[in-house]
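structure.txt (compact mmCIF, C-alpha atoms) appears below.
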# COMPACT_ATOMS: atom_id res chain seq x y z
CA MET W 1 0.00 0.00 0.00
CA PRO W 2 1.62 3.30 -1.04
CA THR W 3 2.32 5.94 1.57
CA HIS W 4 2.55 9.69 1.12
CA LYS W 5 5.20 11.73 2.85
CA PRO W 6 4.01 14.77 4.75
CA VAL W 7 4.10 17.99 2.81
CA SER W 8 6.37 20.25 4.83
CA SER W 9 8.80 22.91 3.71
CA SER W 10 11.66 20.40 3.72
CA HIS W 11 9.80 18.21 1.22
CA HIS W 12 8.58 20.90 -1.21
CA ALA W 13 11.35 20.48 -3.77
CA SER W 14 11.26 16.70 -3.82
CA LEU W 15 7.47 16.55 -3.91
CA LEU W 16 7.29 19.06 -6.74
CA ALA W 17 9.85 17.01 -8.67
CA VAL W 18 7.70 13.90 -8.24
CA VAL W 19 4.55 15.71 -9.37
CA VAL W 20 6.34 17.14 -12.41
CA ALA W 21 7.76 13.71 -13.25
CA LEU W 22 4.32 12.12 -13.03
CA ALA W 23 2.90 14.83 -15.28
CA TRP W 24 5.71 14.20 -17.79
CA LEU W 25 5.08 10.45 -17.66
CA GLY W 26 1.36 11.05 -18.13
CA ALA W 27 2.14 13.10 -21.21
CA LEU W 28 3.87 10.07 -22.73
CA LEU W 29 0.94 7.75 -22.18
CA PRO W 30 -1.82 7.52 -24.79
CA VAL W 31 -4.84 9.57 -23.74
CA VAL W 32 -8.06 9.81 -25.68
CA ALA W 33 -8.39 13.40 -26.84
CA PHE W 34 -11.06 15.33 -25.00
CA GLY W 35 -11.71 18.88 -23.99
CA PRO W 36 -11.12 22.09 -25.93
CA PRO W 37 -7.75 22.60 -27.63
CA PRO W 38 -5.28 24.95 -25.89
CA ASN W 39 -6.17 28.63 -26.17
CA ALA W 40 -9.47 27.82 -27.88
CA GLN W 41 -11.74 30.77 -28.55
CA LEU W 42 -14.83 31.00 -26.35
CA SER W 43 -17.91 32.13 -28.26
CA LEU W 44 -19.94 34.68 -26.31
CA GLU W 45 -22.84 34.08 -28.69
CA LYS W 46 -22.88 30.39 -27.83
CA LEU W 47 -22.61 31.15 -24.11
CA SER W 48 -25.94 32.96 -24.41
CA ARG W 49 -27.56 29.50 -24.62
CA ILE W 50 -27.09 29.39 -20.84
CA ASP W 51 -29.62 32.24 -20.61
CA ALA W 52 -32.27 30.28 -22.45
CA PHE W 53 -31.65 27.13 -20.41
CA LEU W 54 -31.80 28.79 -16.99
CA ASN W 55 -34.73 31.04 -17.90
CA ASP W 56 -36.59 27.89 -18.91
CA GLN W 57 -35.68 26.16 -15.64
CA VAL W 58 -37.08 29.14 -13.74
CA ALA W 59 -40.22 29.31 -15.88
CA GLN W 60 -40.85 25.57 -15.42
CA GLY W 61 -40.64 25.94 -11.64
CA GLU W 62 -37.59 23.67 -11.41
CA ILE W 63 -35.39 26.26 -9.68
CA PRO W 64 -36.12 29.61 -8.01
CA GLY W 65 -33.12 31.28 -9.65
CA ALA W 66 -29.39 31.05 -10.19
CA ILE W 67 -26.17 32.98 -10.73
CA VAL W 68 -23.46 31.94 -13.20
CA LEU W 69 -19.99 33.46 -13.45
CA ILE W 70 -17.39 32.34 -16.00
CA GLN W 71 -13.96 33.94 -15.59
CA ARG W 72 -11.10 33.43 -18.05
CA HIS W 73 -7.65 35.00 -18.20
CA GLY W 74 -8.50 36.88 -15.01
CA LYS W 75 -11.62 38.58 -16.36
CA PRO W 76 -15.35 37.74 -16.35
CA VAL W 77 -16.53 36.59 -19.77
CA TYR W 78 -20.05 35.71 -18.61
CA PHE W 79 -21.85 36.94 -15.50
CA ARG W 80 -25.64 36.68 -15.32
CA TRP W 81 -28.32 36.06 -12.72
CA PHE W 82 -31.79 34.64 -13.22
CA GLY W 83 -35.13 34.23 -11.51
CA LYS W 84 -35.91 34.97 -7.88
CA ARG W 85 -33.97 35.12 -4.65
CA ASP W 86 -37.24 34.43 -2.86
CA VAL W 87 -40.15 33.18 -4.98
CA ASP W 88 -42.77 33.39 -2.22
CA ALA W 89 -41.87 37.00 -1.45
CA GLY W 90 -41.46 37.91 -5.12
CA ILE W 91 -37.89 39.19 -4.64
CA ASP W 92 -35.70 39.12 -7.75
CA MET W 93 -32.27 37.50 -7.79
CA THR W 94 -29.45 39.99 -7.20
CA ARG W 95 -25.72 39.70 -7.71
CA ASP W 96 -25.12 40.01 -3.94
CA THR W 97 -27.46 37.14 -3.00
CA ILE W 98 -26.04 34.85 -0.32
CA PHE W 99 -26.17 31.10 -0.96
CA PRO W 100 -25.56 28.02 1.18
CA LEU W 101 -22.47 26.18 -0.04
CA HIS W 102 -23.11 22.87 1.72
CA SER W 103 -20.37 20.45 0.60
CA LEU W 104 -18.47 23.05 -1.40
CA THR W 105 -17.45 24.06 2.13
CA LYS W 106 -15.31 20.92 2.20
CA THR W 107 -12.88 22.42 -0.32
CA VAL W 108 -12.36 25.47 1.90
CA THR W 109 -11.76 23.41 5.05
CA SER W 110 -9.40 21.14 3.13
CA PHE W 111 -7.51 24.15 1.80
CA ALA W 112 -7.22 25.57 5.33
CA ALA W 113 -5.80 22.24 6.53
CA MET W 114 -3.31 22.22 3.67
CA MET W 115 -2.14 25.67 4.79
CA LEU W 116 -1.26 24.18 8.18
CA ILE W 117 0.41 21.21 6.48
CA ASP W 118 2.40 23.68 4.35
CA ARG W 119 3.62 25.33 7.55
CA GLY W 120 4.63 22.02 9.13
CA LYS W 121 1.94 22.28 11.83
CA ILE W 122 0.21 19.06 10.67
CA LYS W 123 1.54 16.06 8.76
CA LEU W 124 -0.48 13.99 6.33
CA ASP W 125 0.49 10.77 8.09
CA ASP W 126 -0.32 12.05 11.58
CA PRO W 127 -2.91 9.89 13.33
CA VAL W 128 -6.09 11.87 13.98
CA ALA W 129 -5.78 10.63 17.58
CA LYS W 130 -2.75 12.91 17.98
CA TYR W 131 -5.21 15.83 17.95
CA ILE W 132 -8.44 14.11 19.05
CA PRO W 133 -7.37 11.40 21.54
CA SER W 134 -10.73 9.60 21.53
CA PHE W 135 -10.02 8.48 17.94
CA ALA W 136 -7.48 6.03 19.32
CA GLY W 137 -10.34 3.80 20.42
CA MET W 138 -12.22 3.61 17.12
CA LYS W 139 -13.37 0.28 15.69
CA VAL W 140 -14.69 -0.87 12.31
CA GLY W 141 -18.30 -2.04 12.16
CA VAL W 142 -18.57 -5.40 10.39
CA GLU W 143 -22.15 -6.24 9.47
CA ARG W 144 -23.40 -9.83 9.42
CA LYS W 145 -26.68 -11.72 9.70
CA ASP W 146 -27.51 -13.72 12.81
CA GLU W 147 -29.32 -17.09 12.78
CA SER W 148 -32.69 -15.38 12.39
CA GLY W 149 -31.46 -13.30 9.46
CA LYS W 150 -31.32 -10.06 11.43
CA ALA W 151 -28.43 -7.69 10.71
CA VAL W 152 -26.02 -7.41 13.62
CA LEU W 153 -22.80 -5.46 14.05
CA ASP W 154 -19.44 -6.80 15.18
CA LEU W 155 -16.62 -4.40 16.04
CA ALA W 156 -13.18 -5.13 14.59
CA PRO W 157 -9.87 -3.41 15.45
CA LEU W 158 -8.28 -1.02 12.98
CA ARG W 159 -5.47 -2.37 10.82
CA ARG W 160 -3.87 1.04 11.19
CA PRO W 161 -4.91 4.39 12.68
CA VAL W 162 -7.05 6.91 10.82
CA THR W 163 -4.74 9.67 9.53
CA ILE W 164 -5.09 13.29 8.46
CA GLU W 165 -4.65 12.13 4.87
CA ASP W 166 -7.58 9.72 5.30
CA LEU W 167 -9.78 12.65 6.36
CA LEU W 168 -8.73 14.69 3.32
CA LEU W 169 -9.28 11.77 0.92
CA HIS W 170 -12.56 10.45 2.42
CA THR W 171 -10.82 7.15 3.09
CA SER W 172 -11.18 7.34 6.88
CA GLY W 173 -14.14 4.95 7.13
CA ILE W 174 -16.27 7.82 8.49
CA THR W 175 -19.47 7.96 6.46
CA TYR W 176 -22.81 9.79 6.40
CA GLY W 177 -25.84 8.11 7.92
CA PHE W 178 -28.37 9.41 5.40
CA TYR W 179 -27.52 7.73 2.08
CA GLY W 180 -26.91 4.23 0.83
CA PRO W 181 -28.09 0.88 2.22
CA ARG W 182 -29.58 1.21 5.68
CA GLY W 183 -27.47 -1.17 7.76
CA PRO W 184 -26.35 -1.09 11.41
CA VAL W 185 -23.42 1.27 10.76
CA LYS W 186 -25.62 3.87 9.08
CA ALA W 187 -28.22 3.41 11.80
CA ALA W 188 -25.60 4.24 14.43
CA TYR W 189 -25.56 7.79 13.04
CA ASP W 190 -29.19 8.38 14.10
CA GLY W 191 -29.44 11.32 16.47
CA ILE W 192 -25.97 12.62 15.71
CA TYR W 193 -27.27 16.13 15.00
CA LEU W 194 -29.51 16.47 18.08
CA GLY W 195 -29.03 19.42 20.40
CA ASP W 196 -26.59 22.30 20.20
CA PHE W 197 -22.93 21.31 19.95
CA ASP W 198 -19.61 22.68 18.75
CA ASN W 199 -16.91 21.04 16.63
CA ALA W 200 -15.22 19.51 19.67
CA GLU W 201 -18.43 17.78 20.79
CA PHE W 202 -19.27 16.67 17.26
CA ALA W 203 -15.85 15.05 16.85
CA GLU W 204 -16.45 13.17 20.10
CA ARG W 205 -19.80 11.94 18.75
CA ILE W 206 -18.07 10.66 15.61
CA ALA W 207 -15.38 8.95 17.68
CA LYS W 208 -18.06 6.88 19.44
CA LEU W 209 -19.43 5.52 16.15
CA PRO W 210 -18.19 2.48 14.22
CA LEU W 211 -16.23 3.11 11.04
CA ALA W 212 -17.94 1.81 7.91
CA GLU W 213 -14.76 0.14 6.64
CA GLN W 214 -11.02 -0.09 7.31
CA PRO W 215 -9.09 3.13 6.58
CA ARG W 216 -7.83 3.57 3.01
CA THR W 217 -9.94 0.82 1.51
CA LEU W 218 -12.93 2.73 0.05
CA TRP W 219 -13.76 6.30 -0.97
CA ASP W 220 -16.67 6.89 1.42
CA TYR W 221 -18.31 10.31 1.59
CA GLY W 222 -19.06 11.46 5.09
CA HIS W 223 -18.10 13.59 8.08
CA SER W 224 -14.34 13.32 7.52
CA ILE W 225 -14.01 17.02 6.79
CA ASP W 226 -16.05 17.98 9.86
CA VAL W 227 -13.47 16.09 11.92
CA LEU W 228 -10.71 17.85 9.96
CA GLY W 229 -12.29 21.16 10.96
CA ARG W 230 -11.85 20.17 14.61
CA VAL W 231 -8.19 19.27 13.96
CA ILE W 232 -7.66 22.78 12.54
CA GLU W 233 -9.11 24.21 15.76
CA VAL W 234 -6.84 22.12 17.99
CA VAL W 235 -3.72 23.01 16.00
CA SER W 236 -4.47 26.70 15.52
CA GLY W 237 -5.97 27.42 18.93
CA GLN W 238 -8.82 29.24 17.15
CA SER W 239 -12.33 28.33 16.13
CA LEU W 240 -12.57 27.03 12.57
CA TYR W 241 -14.19 30.27 11.41
CA GLN W 242 -11.63 32.45 13.20
CA PHE W 243 -8.77 30.59 11.52
CA GLU W 244 -10.36 30.66 8.06
CA LYS W 245 -11.37 34.31 8.43
CA THR W 246 -7.89 35.41 9.50
CA GLU W 247 -5.86 33.26 7.11
CA LEU W 248 -8.12 33.05 4.06
CA PHE W 249 -11.33 35.07 3.97
CA ASP W 250 -10.02 38.46 5.09
CA PRO W 251 -6.84 38.38 2.97
CA LEU W 252 -8.84 37.26 -0.09
CA GLY W 253 -11.55 39.88 0.50
CA MET W 254 -14.25 37.22 0.99
CA THR W 255 -16.35 39.48 3.19
CA THR W 256 -19.59 37.47 3.25
CA THR W 257 -18.25 33.93 3.58
CA LYS W 258 -19.17 32.67 7.04
CA PHE W 259 -21.03 29.94 8.90
CA PHE W 260 -23.99 31.94 10.20
CA LEU W 261 -25.89 35.04 9.14
CA THR W 262 -26.76 37.26 12.10
CA ASP W 263 -26.89 40.69 10.45
CA PRO W 264 -30.49 41.44 9.35
CA ALA W 265 -29.32 42.94 6.05
CA GLU W 266 -27.37 39.79 5.20
CA ARG W 267 -30.18 37.50 6.34
CA SER W 268 -32.53 39.29 3.95
CA ARG W 269 -30.17 38.48 1.03
CA TYR W 270 -30.26 34.72 1.66
CA ALA W 271 -31.47 32.66 -1.30
CA ARG W 272 -34.63 30.72 -0.45
CA PRO W 273 -35.44 27.35 -2.02
CA LEU W 274 -38.75 26.48 -3.63
CA ARG W 275 -41.34 24.98 -1.28
CA LYS W 276 -40.70 21.49 -2.70
CA ASP W 277 -37.06 21.79 -1.57
CA GLN W 278 -37.53 23.18 1.91
CA HIS W 279 -36.74 19.83 3.55
CA VAL W 280 -32.96 20.39 3.68
CA GLU W 281 -32.28 20.41 7.40
CA ARG W 282 -29.38 22.80 7.79
CA THR W 283 -29.68 26.54 7.24
CA SER W 284 -27.22 29.24 8.24
CA LEU W 285 -30.16 31.36 9.39
CA ASP W 286 -30.42 29.02 12.39
CA VAL W 287 -27.47 30.11 14.50
CA THR W 288 -25.89 27.27 16.48
CA ARG W 289 -22.41 26.53 17.82
CA TRP W 290 -21.57 23.97 15.12
CA GLU W 291 -19.23 25.41 12.49
CA SER W 292 -19.51 22.51 10.06
CA GLY W 293 -16.31 22.24 8.04
CA GLY W 294 -18.08 19.69 5.88
CA GLY W 295 -21.09 21.77 4.88
CA GLY W 296 -21.77 24.93 6.87
CA LEU W 297 -20.54 27.94 4.91
CA VAL W 298 -22.55 30.51 3.00
CA SER W 299 -21.07 32.81 0.38
CA THR W 300 -21.64 35.10 -2.59
CA VAL W 301 -20.52 34.95 -6.18
CA ALA W 302 -18.12 37.86 -5.54
CA ASP W 303 -16.42 35.95 -2.73
CA LEU W 304 -16.22 32.74 -4.75
CA ALA W 305 -14.73 34.68 -7.66
CA ARG W 306 -11.80 35.58 -5.40
CA TYR W 307 -11.49 32.00 -4.16
CA GLY W 308 -11.76 30.57 -7.68
CA GLN W 309 -9.14 32.93 -9.11
CA MET W 310 -6.74 32.07 -6.28
CA LEU W 311 -7.20 28.37 -7.08
CA LEU W 312 -6.76 29.02 -10.79
CA ASN W 313 -3.51 30.85 -10.01
CA GLY W 314 -2.22 27.78 -8.15
CA GLY W 315 -2.66 29.08 -4.61
CA THR W 316 -1.73 32.75 -5.01
CA LEU W 317 -3.61 36.01 -5.58
CA ASP W 318 -2.59 39.66 -5.70
CA GLY W 319 0.97 38.91 -4.65
CA ARG W 320 0.04 36.80 -1.63
CA THR W 321 0.83 33.08 -1.50
CA TYR W 322 -1.72 30.92 0.32
CA LEU W 323 -0.17 27.55 -0.57
CA SER W 324 3.28 26.73 -1.88
CA THR W 325 3.56 25.42 -5.42
CA ALA W 326 4.41 21.90 -4.25
CA THR W 327 1.61 21.70 -1.69
CA PHE W 328 -0.95 23.04 -4.16
CA ALA W 329 0.23 20.47 -6.71
CA ALA W 330 -0.18 17.71 -4.12
CA MET W 331 -3.66 18.97 -3.23
CA THR W 332 -4.82 18.86 -6.84
CA THR W 333 -3.26 15.49 -7.76
CA ASP W 334 -5.25 12.24 -7.69
CA HIS W 335 -4.22 10.10 -4.70
CA ILE W 336 -6.76 7.29 -4.95
CA GLY W 337 -6.19 6.01 -8.48
CA PRO W 338 -4.91 2.61 -9.66
CA GLY W 339 -2.48 1.04 -7.21
CA SER W 340 -3.65 3.11 -4.25
CA GLY W 341 -5.71 0.30 -2.74
CA VAL W 342 -8.80 2.52 -2.60
CA GLU W 343 -11.98 1.05 -4.08
CA ARG W 344 -14.95 2.91 -5.55
CA ASN W 345 -18.61 2.01 -5.33
CA TYR W 346 -21.92 3.37 -6.63
CA PHE W 347 -21.56 6.35 -4.29
CA TYR W 348 -18.27 7.53 -5.72
CA TYR W 349 -19.33 11.16 -6.13
CA PRO W 350 -16.31 12.53 -8.04
CA GLY W 351 -17.76 10.60 -10.97
CA ASP W 352 -16.54 8.99 -14.17
CA GLY W 353 -13.12 10.22 -15.28
CA PHE W 354 -12.27 11.80 -11.92
CA GLY W 355 -9.86 10.88 -9.19
CA PHE W 356 -9.68 12.71 -5.89
CA GLY W 357 -7.04 14.99 -4.40
CA TYR W 358 -6.95 16.59 -0.99
CA GLY W 359 -10.43 18.12 -1.15
CA PHE W 360 -11.26 18.27 -4.86
CA GLY W 361 -12.33 15.92 -7.60
CA VAL W 362 -9.47 15.84 -10.15
CA ARG W 363 -10.04 14.99 -13.83
CA THR W 364 -7.61 12.21 -14.73
CA ASN W 365 -9.06 10.77 -17.96
CA PRO W 366 -11.99 11.09 -20.38
CA GLY W 367 -14.05 8.48 -18.51
CA ASN W 368 -16.09 5.71 -20.03
CA ALA W 369 -18.90 7.71 -21.61
CA VAL W 370 -18.93 8.32 -25.37
CA PRO W 371 -18.52 11.15 -26.07
CA PRO W 372 -16.58 12.03 -22.89
CA PRO W 373 -18.26 14.43 -20.45
CA PRO W 374 -17.07 18.01 -21.01
CA GLY W 375 -14.02 19.40 -19.28
CA SER W 376 -10.24 19.26 -19.41
CA LEU W 377 -7.51 17.00 -18.11
CA GLY W 378 -6.46 18.20 -14.66
CA GLU W 379 -9.58 20.27 -13.92
CA ILE W 380 -10.63 20.35 -10.27
CA LYS W 381 -14.19 20.64 -9.03
CA TRP W 382 -16.71 20.11 -6.27
CA ASP W 383 -20.31 21.03 -5.48
CA GLY W 384 -22.88 21.08 -2.70
CA ALA W 385 -26.32 19.65 -1.99
CA THR W 386 -28.22 22.82 -2.92
CA GLY W 387 -26.37 23.46 -6.17
CA ALA W 388 -23.26 25.51 -5.42
CA TYR W 389 -20.72 24.36 -8.00
CA LEU W 390 -17.12 25.34 -8.72
CA VAL W 391 -14.96 24.11 -11.61
CA VAL W 392 -11.36 25.28 -12.08
CA ASP W 393 -9.85 24.47 -15.48
CA HIS W 394 -6.15 25.31 -15.57
CA ALA W 395 -5.80 24.08 -19.16
CA GLN W 396 -8.13 26.85 -20.32
CA ASP W 397 -7.11 29.41 -17.67
CA MET W 398 -10.77 29.48 -16.64
CA PHE W 399 -13.04 28.81 -13.71
CA PHE W 400 -16.79 28.99 -13.38
CA VAL W 401 -19.22 29.22 -10.49
CA VAL W 402 -22.89 28.21 -10.43
CA LEU W 403 -24.93 29.27 -7.40
CA GLU W 404 -28.50 28.18 -6.68
CA ASN W 405 -30.58 26.88 -3.79
CA ALA W 406 -32.34 24.08 -5.64
CA PRO W 407 -31.54 20.62 -4.20
CA SER W 408 -33.84 18.59 -6.46
CA ALA W 409 -32.72 20.22 -9.72
CA ARG W 410 -29.07 20.89 -8.98
CA GLN W 411 -27.55 18.00 -10.92
CA HIS W 412 -29.59 18.73 -14.03
CA VAL W 413 -28.51 22.37 -13.88
CA GLN W 414 -24.84 21.59 -13.24
CA VAL W 415 -24.55 19.02 -16.03
CA ASN W 416 -26.26 21.25 -18.59
CA VAL W 417 -24.49 24.49 -17.68
CA LYS W 418 -21.11 22.78 -17.87
CA LYS W 419 -21.99 21.26 -21.24
CA LEU W 420 -23.15 24.61 -22.58
CA ILE W 421 -19.92 26.25 -21.44
CA TYR W 422 -17.68 23.71 -23.12
CA ASP W 423 -19.86 23.60 -26.22
CA ALA W 424 -19.15 27.31 -26.57
CA PHE W 425 -15.43 26.69 -27.21
CA GLU W 426 -14.63 26.92 -30.90
CA LYS W 427 -13.24 23.63 -32.19
Will you turn the file into C-alpha cells for me?
Amino acid sequence: MPTHKPVSSSHHASLLAVVVALAWLGALLPVVAFGPPPNAQLSLEKLSRIDAFLNDQVAQGEIPGAIVLIQRHGKPVYFRWFGKRDVDAGIDMTRDTIFPLHSLTKTVTSFAAMMLIDRGKIKLDDPVAKYIPSFAGMKVGVERKDESGKAVLDLAPLRRPVTIEDLLLHTSGITYGFYGPRGPVKAAYDGIYLGDFDNAEFAERIAKLPLAEQPRTLWDYGHSIDVLGRVIEVVSGQSLYQFEKTELFDPLGMTTTKFFLTDPAERSRYARPLRKDQHVERTSLDVTRWESGGGGLVSTVADLARYGQMLLNGGTLDGRTYLSTATFAAMTTDHIGPGSGVERNYFYYPGDGFGFGYGFGVRTNPGNAVPPPPGSLGEIKWDGATGAYLVVDHAQDMFFVVLENAPSARQHVQVNVKKLIYDAFEK
C-alpha cells in the first residue's frame, strides 16, 4: 500500500519534482483526446444559450433562480443572474445574494488544513488521535446476519490508525448516515445532530461511532471534513471560522463567507429554495455553535470569484501566496487512483473520469462515456447539496461558479451548464 510523505517545507522540492515527473510520464501515455484545444476561442454568442436554459428552468418551476460566473484570463466573460432570490416574497435574484455552499465548504476546510500542512503544523500521516485522543479507540463495524437473518454489528480493530490524509481523501471509514443501504453502521448515526454542539463535541460523537470500513480501503463520503475542521481548531488554537477568516477570507476579501448570518441585512439576502425543496435540514439562518467544516458555509458569487481565481492561479492572488507550489500540486493530484488500494462504489461522487485529491475531484481521464463528459484534463471541481458548483480548469485558464438553492434540480442544472460552457469553445 503506497504511503505519502508529509508535505512540509523540507519536502517541497522533492514533492514538486515527483509531481512534475508524473505529469511528464502522463504526457507520454496515450490519452483519448477530449476537452477544448489549448487557447481555444470561447464564443460569447454560444454562451448565451445558458440564458435560455436557466430562464426555462425558472419558468418551469424547477429552480427559483441562479447565478453563473465564468472567468477566463482573469476577467469575467459571462456573469448573469436569473429568476428569484425568494419566490414566495417575489424578490428578484441579485448579484449580492447569499447562498448556502453545503459540501463546497469541504474544499475550503481542506484548503485551510493544507495551509497548516504547508507550515509544518500538521503532517499527512499524523494519526487523527494525535489531535483528538478519543479516535485512538475507534473500531470498524462489520455487518453480518444472525441465525434469524437479522443484521447485527461486530466491532473489529483497525489495521492502522485513521490519519489526516484519510480525512482529506474520504478514506477514513467515516461515512454519512443518510444515504446508501440502511445497515447497522448507518443506523448508528441516528441522532448525531440532536441538540446544540460545537466542533469539539461533534468530533467526540463521531469517535463513538463504528467506522464503515477499514481506513484507506474505500472512498466513502461522510463527516471526515467535519473532523478535519476540529483538527484545525486544535492546532491553531482558534475556532474554525476564526482561523479561516484570519488566514483566508479576510486576505482574499471574501467578506460574506461565514457559517452563520446574524446581520439582518445579510439575512434578507439569503437565497430561499422552492417549497418542494424546503426539507434540507441545515440553514445558516439558524445560528448554532456547530461550524460545520463539511457543509456549513454561506457565500456570494463575488467571494467565490476571489477564491476561484486564487485556485486558478495555483494558490496565489494579488501577490500573496496561500499555498506553496508543491503543496498546491499535491492537493490537486489524484491520490486514490490505480495502485492506491482505494476502491470505488456506486456512491463515488467525483464521478466517471475523476480521481480525488486533498479536497477536490481531479479529472484524470476522459471516462467511459462516449462522447466524454465536457471538461479538461487536470480540472478540479466540487459542489454542494443545494447546487453551489465550482470548476477550475487550468488548461483553459478558466473557472466557473454556479450558485443556486435548488436541491432537487441541482444536478440537471450543473450538467447542462457545464456542457453549454464547453460547447461554446470553438473547435
Contacts of region 96-99 of chain W within 8 Å, all atoms listed in the file, excl. fewer than 6 positions in-chain, as a ChimeraX atom specification: /W:85,256,266,269-271,298-302,388,403-405
Residue among W:Gly229, W:Gly90, W:Gly308, W:Pro273 lying closest to Phe202 (chain W), counting only C-alpha atoms: W:Gly229
Which residue of W:Ile164, W:Val287, W:Ile132, W:Ile70 approaches Arg267 (chain W) most closely, using all atoms listed in the file: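 Counting all atoms listed in the file, the residue closest to Arg267 (chain W) is W:Val287.
With distances taken over all atoms listed in the file, W:Gly294 is the one residue among W:Pro374, W:Gly294, W:Pro366, W:Gly319 lying closest to Val108 (chain W).
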Which residue of W:His170, W:Arg119, W:Arg144, W:Lys46 approaches Asp220 (chain W) most closely, using all atoms listed in the file: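 Between W:His170, W:Arg119, W:Arg144, W:Lys46, the residue approaching Asp220 (chain W) most closely is W:His170.
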Using all atoms listed in the file: which of W:Val142, W:Gly314, W:Arg344, W:Thr109 has the shortest distance to Phe243 (chain W):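 That would be W:Thr109, the residue with the smallest distance to Phe243 (chain W).
CA of Arg49 (chain W) is positioned 29.1 Å from CA of Thr105 (chain W).
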Surrounding residues of Thr255 (chain W) excluding itself and chain neighbours under 2 positions, 10 Å, only C-alpha atoms, as JSON, numbers by chain: {"W": [245, 249, 250, 251, 252, 253, 257, 258, 299, 300, 302, 303]}
CA of Trp81 (chain W) to CA of Thr94 (chain W), straight-line distance in Å: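 Straight-line distance from CA of Thr94 (chain W) to CA of Trp81 (chain W) works out to 6.9 Å.
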Atom pair CA of Gly83 (chain W) / CA of Gln309 (chain W): separation (Å): 26.1 Å
Would you be able to write out as a compact mmCIF listing (two decimals) with C-alpha atoms, in the coordinates of the input which residues have an atom within 12 Å of (-7.0, 5.5, 21.8) in the file's coordinates, counting all atoms listed in the file?
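In the end it all went to out02.txt:
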# COMPACT_ATOMS: atom_id res chain seq x y z
CA PRO W 127 -2.91 9.89 13.33
CA VAL W 128 -6.09 11.87 13.98
CA ALA W 129 -5.78 10.63 17.58
CA LYS W 130 -2.75 12.91 17.98
CA TYR W 131 -5.21 15.83 17.95
CA ILE W 132 -8.44 14.11 19.05
CA PRO W 133 -7.37 11.40 21.54
CA SER W 134 -10.73 9.60 21.53
CA PHE W 135 -10.02 8.48 17.94
CA ALA W 136 -7.48 6.03 19.32
CA GLY W 137 -10.34 3.80 20.42
CA MET W 138 -12.22 3.61 17.12
CA LYS W 139 -13.37 0.28 15.69
CA PRO W 157 -9.87 -3.41 15.45
CA LEU W 158 -8.28 -1.02 12.98
CA ARG W 160 -3.87 1.04 11.19
CA PRO W 161 -4.91 4.39 12.68
CA VAL W 162 -7.05 6.91 10.82
CA ALA W 207 -15.38 8.95 17.68
CA LYS W 208 -18.06 6.88 19.44
Nearest to Leu218 (chain W) by atom-to-atom distance, counting only C-alpha atoms, from W:Thr332, W:Gln238, W:Thr163, W:Thr175: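 Among the listed residues, the smallest separation from Leu218 (chain W) belongs to W:Thr175.
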Contacts of region 414-426 of chain W at 7 Å (only C-alpha atoms; same-chain gap of 6+ positions) as a list in words: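 That gives Pro36, Ala40, Gln41, Leu42, Ser43, Lys46, Leu47, Arg49, Ile50, Pro374 and Gly375 of chain W.
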The selected residues should be written to file as an mmCIF file, in the coordinates of the input (atoms: C-alpha atoms).
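Heads up, here's the output in selection10.cif:
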data_model
loop_
_atom_site.group_PDB
_atom_site.id
_atom_site.type_symbol
_atom_site.label_atom_id
_atom_site.label_comp_id
_atom_site.auth_asym_id
_atom_site.auth_seq_id
_atom_site.Cartn_x
_atom_site.Cartn_y
_atom_site.Cartn_z
ATOM 1 C CA PRO W 36 -11.120 22.090 -25.930
ATOM 2 C CA ALA W 40 -9.470 27.820 -27.880
ATOM 3 C CA GLN W 41 -11.740 30.770 -28.550
ATOM 4 C CA LEU W 42 -14.830 31.000 -26.350
ATOM 5 C CA SER W 43 -17.910 32.130 -28.260
ATOM 6 C CA LYS W 46 -22.880 30.390 -27.830
ATOM 7 C CA LEU W 47 -22.610 31.150 -24.110
ATOM 8 C CA ARG W 49 -27.560 29.500 -24.620
ATOM 9 C CA ILE W 50 -27.090 29.390 -20.840
ATOM 10 C CA PRO W 374 -17.070 18.010 -21.010
ATOM 11 C CA GLY W 375 -14.020 19.400 -19.280
#
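Applying the 10 Å criterion to (-3.8, 30.2, -10.7) in file coordinates and using all atoms listed in the file, one obtains the residues His73, Gly74, Gly308, Gln309, Met310, Leu311, Leu312, Asn313, Gly314, Gly315, Thr316, Leu317, Val392, Asp393, His394, Asp397, Met398 and Phe399 of chain W.
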